[in-house]
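Undergrad: Provided herewith: data_4.cif, mmCIF, C-alpha atoms.
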```cif
data_coords
loop_
_atom_site.label_atom_id
_atom_site.label_comp_id
_atom_site.auth_asym_id
_atom_site.auth_seq_id
_atom_site.Cartn_x
_atom_site.Cartn_y
_atom_site.Cartn_z
CA MET A 50 -42.65 158.65 -2.91
CA ARG A 51 -41.92 158.01 -6.61
CA LYS A 52 -45.59 157.58 -7.43
CA SER A 53 -46.58 160.77 -5.60
CA VAL A 54 -43.94 162.82 -7.47
CA PHE A 55 -45.13 161.41 -10.78
CA VAL A 56 -48.81 162.08 -9.93
CA LEU A 57 -47.97 165.65 -8.86
CA PHE A 58 -46.13 166.23 -12.14
CA ILE A 59 -49.02 164.91 -14.24
CA LEU A 60 -51.57 166.95 -12.26
CA SER A 61 -49.60 170.17 -12.69
CA LEU A 62 -49.29 169.47 -16.41
CA LEU A 63 -53.05 168.86 -16.75
CA LEU A 64 -53.94 171.96 -14.72
CA SER A 65 -51.84 174.13 -17.00
CA LEU A 66 -53.42 172.83 -20.25
CA PRO A 67 -55.97 175.68 -20.45
CA SER A 68 -53.13 178.22 -20.51
CA PHE A 69 -51.58 176.52 -23.56
CA ALA A 70 -54.33 177.76 -25.86
CA GLN A 71 -53.94 181.35 -24.64
CA GLN A 72 -50.23 181.64 -25.44
CA ASP A 73 -49.06 183.92 -28.21
CA LYS A 74 -47.36 182.18 -31.11
CA GLU A 75 -43.61 182.22 -30.63
CA PRO A 76 -41.60 183.97 -33.38
CA SER A 77 -39.79 181.57 -35.71
CA VAL A 78 -36.19 180.79 -34.77
CA LYS A 79 -35.37 180.88 -38.50
CA ASP A 80 -35.56 184.67 -38.23
CA GLN A 81 -33.11 184.74 -35.31
CA LYS A 82 -29.35 185.10 -35.43
CA VAL A 83 -27.29 182.04 -34.47
CA ARG A 84 -26.39 183.62 -31.13
CA GLU A 85 -30.08 184.11 -30.27
CA ARG A 86 -30.76 180.39 -30.83
CA ILE A 87 -28.16 179.33 -28.24
CA PHE A 88 -29.19 178.75 -24.62
CA VAL A 89 -27.19 177.94 -21.51
CA GLY A 90 -28.32 176.66 -18.16
CA GLY A 91 -28.45 173.44 -16.23
CA PHE A 92 -29.33 172.35 -12.76
CA LEU A 93 -27.89 172.11 -9.26
CA GLY A 94 -28.52 169.36 -6.73
CA LEU A 95 -27.98 169.08 -3.00
CA GLN A 96 -28.53 166.15 -0.65
CA LEU A 97 -27.54 166.30 3.01
CA GLY A 98 -27.43 163.53 5.59
CA THR A 99 -25.65 160.18 5.88
CA GLN A 100 -25.16 160.44 2.14
CA THR A 101 -24.13 163.95 1.12
CA ALA A 102 -24.13 164.91 -2.54
CA VAL A 103 -23.53 168.22 -4.30
CA ASN A 104 -24.26 168.20 -8.03
CA VAL A 105 -23.43 170.87 -10.63
CA SER A 106 -24.61 170.14 -14.18
CA PRO A 107 -24.25 173.01 -16.70
CA LEU A 108 -25.49 172.69 -20.28
CA VAL A 109 -25.43 174.51 -23.58
CA GLY A 110 -28.03 173.96 -26.28
CA TYR A 111 -29.14 175.13 -29.69
CA ARG A 112 -32.69 175.69 -30.93
CA ILE A 113 -32.72 173.97 -34.32
CA THR A 114 -36.38 174.78 -34.93
CA ASN A 115 -39.17 176.14 -32.71
CA TRP A 116 -39.97 172.61 -31.59
CA LEU A 117 -36.52 170.90 -31.64
CA SER A 118 -33.44 171.63 -29.50
CA ALA A 119 -30.23 169.72 -28.91
CA GLY A 120 -27.15 170.24 -26.80
CA LEU A 121 -24.50 168.93 -24.48
CA GLY A 122 -23.88 169.12 -20.80
CA GLY A 123 -21.33 168.36 -18.14
CA THR A 124 -21.73 166.93 -14.66
CA TYR A 125 -19.65 167.12 -11.50
CA GLN A 126 -20.80 165.55 -8.25
CA TYR A 127 -19.14 165.49 -4.85
CA TYR A 128 -20.40 162.46 -2.95
CA ASN A 129 -19.68 161.50 0.69
CA ASP A 130 -21.20 158.30 2.09
CA ARG A 131 -20.96 157.88 5.87
CA PHE A 132 -23.22 154.79 5.95
CA LEU A 133 -21.02 152.60 8.19
CA GLY A 134 -19.63 155.46 10.28
CA GLU A 135 -16.64 156.05 8.02
CA SER A 136 -16.33 158.80 5.43
CA ASN A 137 -16.08 157.63 1.84
CA VAL A 138 -15.65 160.60 -0.51
CA THR A 139 -15.82 160.22 -4.26
CA HIS A 140 -16.04 162.57 -7.20
CA VAL A 141 -18.31 161.80 -10.16
CA TYR A 142 -17.83 163.64 -13.45
CA GLY A 143 -18.90 163.22 -17.04
CA TYR A 144 -20.79 164.55 -20.03
CA SER A 145 -24.12 164.16 -21.79
CA PHE A 146 -25.92 164.83 -25.07
CA PHE A 147 -29.62 165.67 -25.13
CA THR A 148 -32.49 166.31 -27.52
CA ARG A 149 -35.75 168.06 -26.60
CA VAL A 150 -38.88 167.90 -28.71
CA GLN A 151 -41.65 170.35 -27.82
CA ILE A 152 -44.92 168.44 -28.22
CA ILE A 153 -47.28 171.26 -27.21
CA PRO A 154 -46.48 174.73 -25.87
CA ARG A 155 -44.64 174.38 -22.54
CA ALA A 156 -44.47 170.55 -22.64
CA PHE A 157 -41.56 168.59 -24.12
CA ILE A 158 -40.04 165.14 -24.42
CA GLN A 159 -36.33 164.77 -23.69
CA GLY A 160 -33.91 162.00 -24.60
CA GLU A 161 -30.41 162.02 -23.15
CA TYR A 162 -27.23 159.95 -23.32
CA GLU A 163 -24.90 160.38 -20.32
CA ARG A 164 -21.44 159.00 -19.61
CA LEU A 165 -20.09 159.29 -16.06
CA SER A 166 -16.76 158.41 -14.45
CA LEU A 167 -17.37 157.21 -10.91
CA LYS A 168 -15.97 155.11 -8.12
CA SER A 169 -18.54 152.77 -6.65
CA ARG A 170 -18.47 150.95 -3.32
CA VAL A 171 -20.86 148.32 -4.64
CA GLN A 172 -19.22 145.73 -6.88
CA ASP A 173 -20.58 142.30 -7.70
CA GLY A 174 -23.25 142.75 -5.04
CA ALA A 175 -20.66 143.23 -2.25
CA PHE A 176 -20.17 146.45 -0.29
CA THR A 177 -16.44 146.95 -0.87
CA PRO A 178 -14.27 149.82 -2.10
CA GLY A 179 -14.64 150.03 -5.87
CA VAL A 180 -12.44 151.16 -8.70
CA ARG A 181 -13.08 154.12 -10.99
CA ARG A 182 -15.05 153.14 -14.06
CA TRP A 183 -17.34 154.63 -16.71
CA GLU A 184 -21.12 154.24 -16.54
CA GLU A 185 -23.48 154.95 -19.42
CA ASN A 186 -27.07 156.04 -18.81
CA ILE A 187 -29.89 156.59 -21.27
CA PHE A 188 -32.77 158.80 -20.13
CA LEU A 189 -36.15 159.38 -21.69
CA GLY A 190 -38.97 161.41 -20.22
CA GLY A 191 -41.04 164.51 -20.28
CA GLY A 192 -40.92 168.00 -18.98
CA TYR A 193 -42.71 171.27 -18.49
CA ARG A 194 -41.28 174.71 -19.34
CA GLN A 195 -42.37 177.82 -17.49
CA PRO A 196 -41.10 181.16 -18.84
CA LEU A 197 -39.61 183.30 -16.06
CA SER A 198 -38.73 186.26 -18.27
CA GLU A 199 -38.15 187.02 -21.94
CA ARG A 200 -34.86 185.07 -21.86
CA ALA A 201 -35.17 182.68 -18.87
CA THR A 202 -37.18 179.45 -18.64
CA LEU A 203 -37.72 177.08 -15.72
CA ASN A 204 -37.70 173.39 -16.72
CA VAL A 205 -39.22 170.63 -14.58
CA MET A 206 -38.53 167.08 -15.82
CA LEU A 207 -39.22 163.46 -14.97
CA LEU A 208 -36.77 161.15 -16.71
CA TYR A 209 -36.52 157.38 -16.69
CA ASN A 210 -33.02 155.81 -16.66
CA PHE A 211 -32.94 152.70 -18.86
CA ASN A 212 -29.67 151.51 -17.30
CA LYS A 213 -31.02 149.05 -14.72
CA GLU A 214 -27.52 148.50 -13.27
CA SER A 215 -26.75 152.19 -12.67
CA THR A 216 -24.87 152.91 -9.46
CA ALA A 217 -25.02 156.68 -10.00
CA TYR A 218 -28.84 156.75 -9.86
CA TYR A 219 -30.55 154.49 -7.36
CA GLN A 220 -34.19 154.83 -8.35
CA ASN A 221 -36.49 155.83 -11.19
CA PRO A 222 -37.86 158.28 -12.13
CA ILE A 223 -35.18 160.96 -11.97
CA PHE A 224 -36.65 164.36 -11.02
CA ARG A 225 -34.84 167.48 -12.31
CA VAL A 226 -35.49 171.18 -12.02
CA GLY A 227 -33.29 173.60 -13.95
CA VAL A 228 -33.17 176.95 -15.69
CA ASP A 229 -32.23 177.83 -19.29
CA PHE A 230 -31.13 181.30 -20.43
CA ARG A 231 -31.23 182.39 -24.07
CA LEU A 232 -28.27 184.53 -25.11
#
```
Would you mind giving the structure from this file in structure tokens?

TA:
Amino acid sequence: MRKSVFVLFILSLLLSLPSFAQQDKEPSVKDQKVRERIFVGGFLGLQLGTQTAVNVSPLVGYRITNWLSAGLGGTYQYYNDRFLGESNVTHVYGYSFFTRVQIIPRAFIQGEYERLSLKSRVQDGAFTPGVRRWEENIFLGGGYRQPLSERATLNVMLLYNFNKESTAYYQNPIFRVGVDFRL
């Protein structure tokens, strides 16, 4: 599954390369007011089944230059694991800082630091009720931007989590789809 998602992402990126050359040059952000350089957005997640998760992750960013953006985000996740027939509800919350570097029109690299407060049932390899603790994740990956309108952009990303002991994310790569809105 992970390989097929990655292959699909790379194929879609390659198929869109011819459209990169046809894009109009974007006006310089140096000519924009501070408010026009700010964008808001984020992503939502939903997983249903034995493990139910609802994720809300808003973000706010600032376009420093035409090719460099940075910002911060928040995360809240409701998580209910009914693996052994009992309900185990937990709430995950935290914050993140990110940087995006546009390498060619519509394609970017993103680095992100995330800190989450979570309660894990897996501790020391045993499946027992855990205590609330903080987890730090470092993501690096790439993405594709697709303008939806003059102010809205769809972002599709594949990120790799360098925290091998993460209990918030069970597999790499992390696939995200979100929308940004310029103010």

Undergrad: One decimal, Å: what's the distance from atom CA of A:Tyr193 over to atom CA of A:Ile158, could you say?

TA: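 Interatomic distance here is 8.9 Å.
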
Undergrad: Which residues are close to A:Asp130, i.e. within 9 Å by all atoms listed in the file, leaving aside same-chain residues fewer than 2 positions away? Reply as a PDB file with C-alpha atoms, in the frame of the given file.

TA:
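Done, and the output landed in out.pdb:
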```pdb
ATOM      1  CA  GLY A  98     -27.430 163.530   5.590  1.00  0.00           C
ATOM      2  CA  THR A  99     -25.650 160.180   5.880  1.00  0.00           C
ATOM      3  CA  GLN A 100     -25.160 160.440   2.140  1.00  0.00           C
ATOM      4  CA  THR A 101     -24.130 163.950   1.120  1.00  0.00           C
ATOM      5  CA  ALA A 102     -24.130 164.910  -2.540  1.00  0.00           C
ATOM      6  CA  TYR A 128     -20.400 162.460  -2.950  1.00  0.00           C
ATOM      7  CA  PHE A 132     -23.220 154.790   5.950  1.00  0.00           C
ATOM      8  CA  LEU A 133     -21.020 152.600   8.190  1.00  0.00           C
ATOM      9  CA  GLY A 134     -19.630 155.460  10.280  1.00  0.00           C
ATOM     10  CA  GLU A 135     -16.640 156.050   8.020  1.00  0.00           C
ATOM     11  CA  SER A 136     -16.330 158.800   5.430  1.00  0.00           C
ATOM     12  CA  ASN A 137     -16.080 157.630   1.840  1.00  0.00           C
ATOM     13  CA  VAL A 138     -15.650 160.600  -0.510  1.00  0.00           C
ATOM     14  CA  THR A 139     -15.820 160.220  -4.260  1.00  0.00           C
TER      15      THR A 139
END
```

Undergrad: Could you spell out the hits of the PyMOL selection byres ((chain A and resi 85) around 10) on the shown file, as a VMD selection string?

TA: chain A and resid 78 80 to 84 86 to 88 111 to 112 200 231 to 232

Undergrad: Given the choices A:Phe188, A:Tyr142, A:Tyr127, A:Phe230, which gets closest to A:Val89 if the distance is worked out from all atoms listed in the file?

TA: A:Phe230

Undergrad: Point out the residue among A:Thr114, A:Gln96, A:Ser166, A:Asn104 with the least atom-to-atom distance to A:Glu75, counting all atoms listed in the file.

TA: A:Thr114

Undergrad: What does the structure give for the distance between atom CA of A:Arg164 and atom CA of A:Val180, in Å to one decimal?

TA: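 It comes out at 16.2 Å.
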
Undergrad: Please evaluate the PyMOL selection byres ((chain A and resi 194) around 6) against the structure above and give the resulting residues as a PyMOL selection string.

TA: chain A and resi 155+193+195+203-204
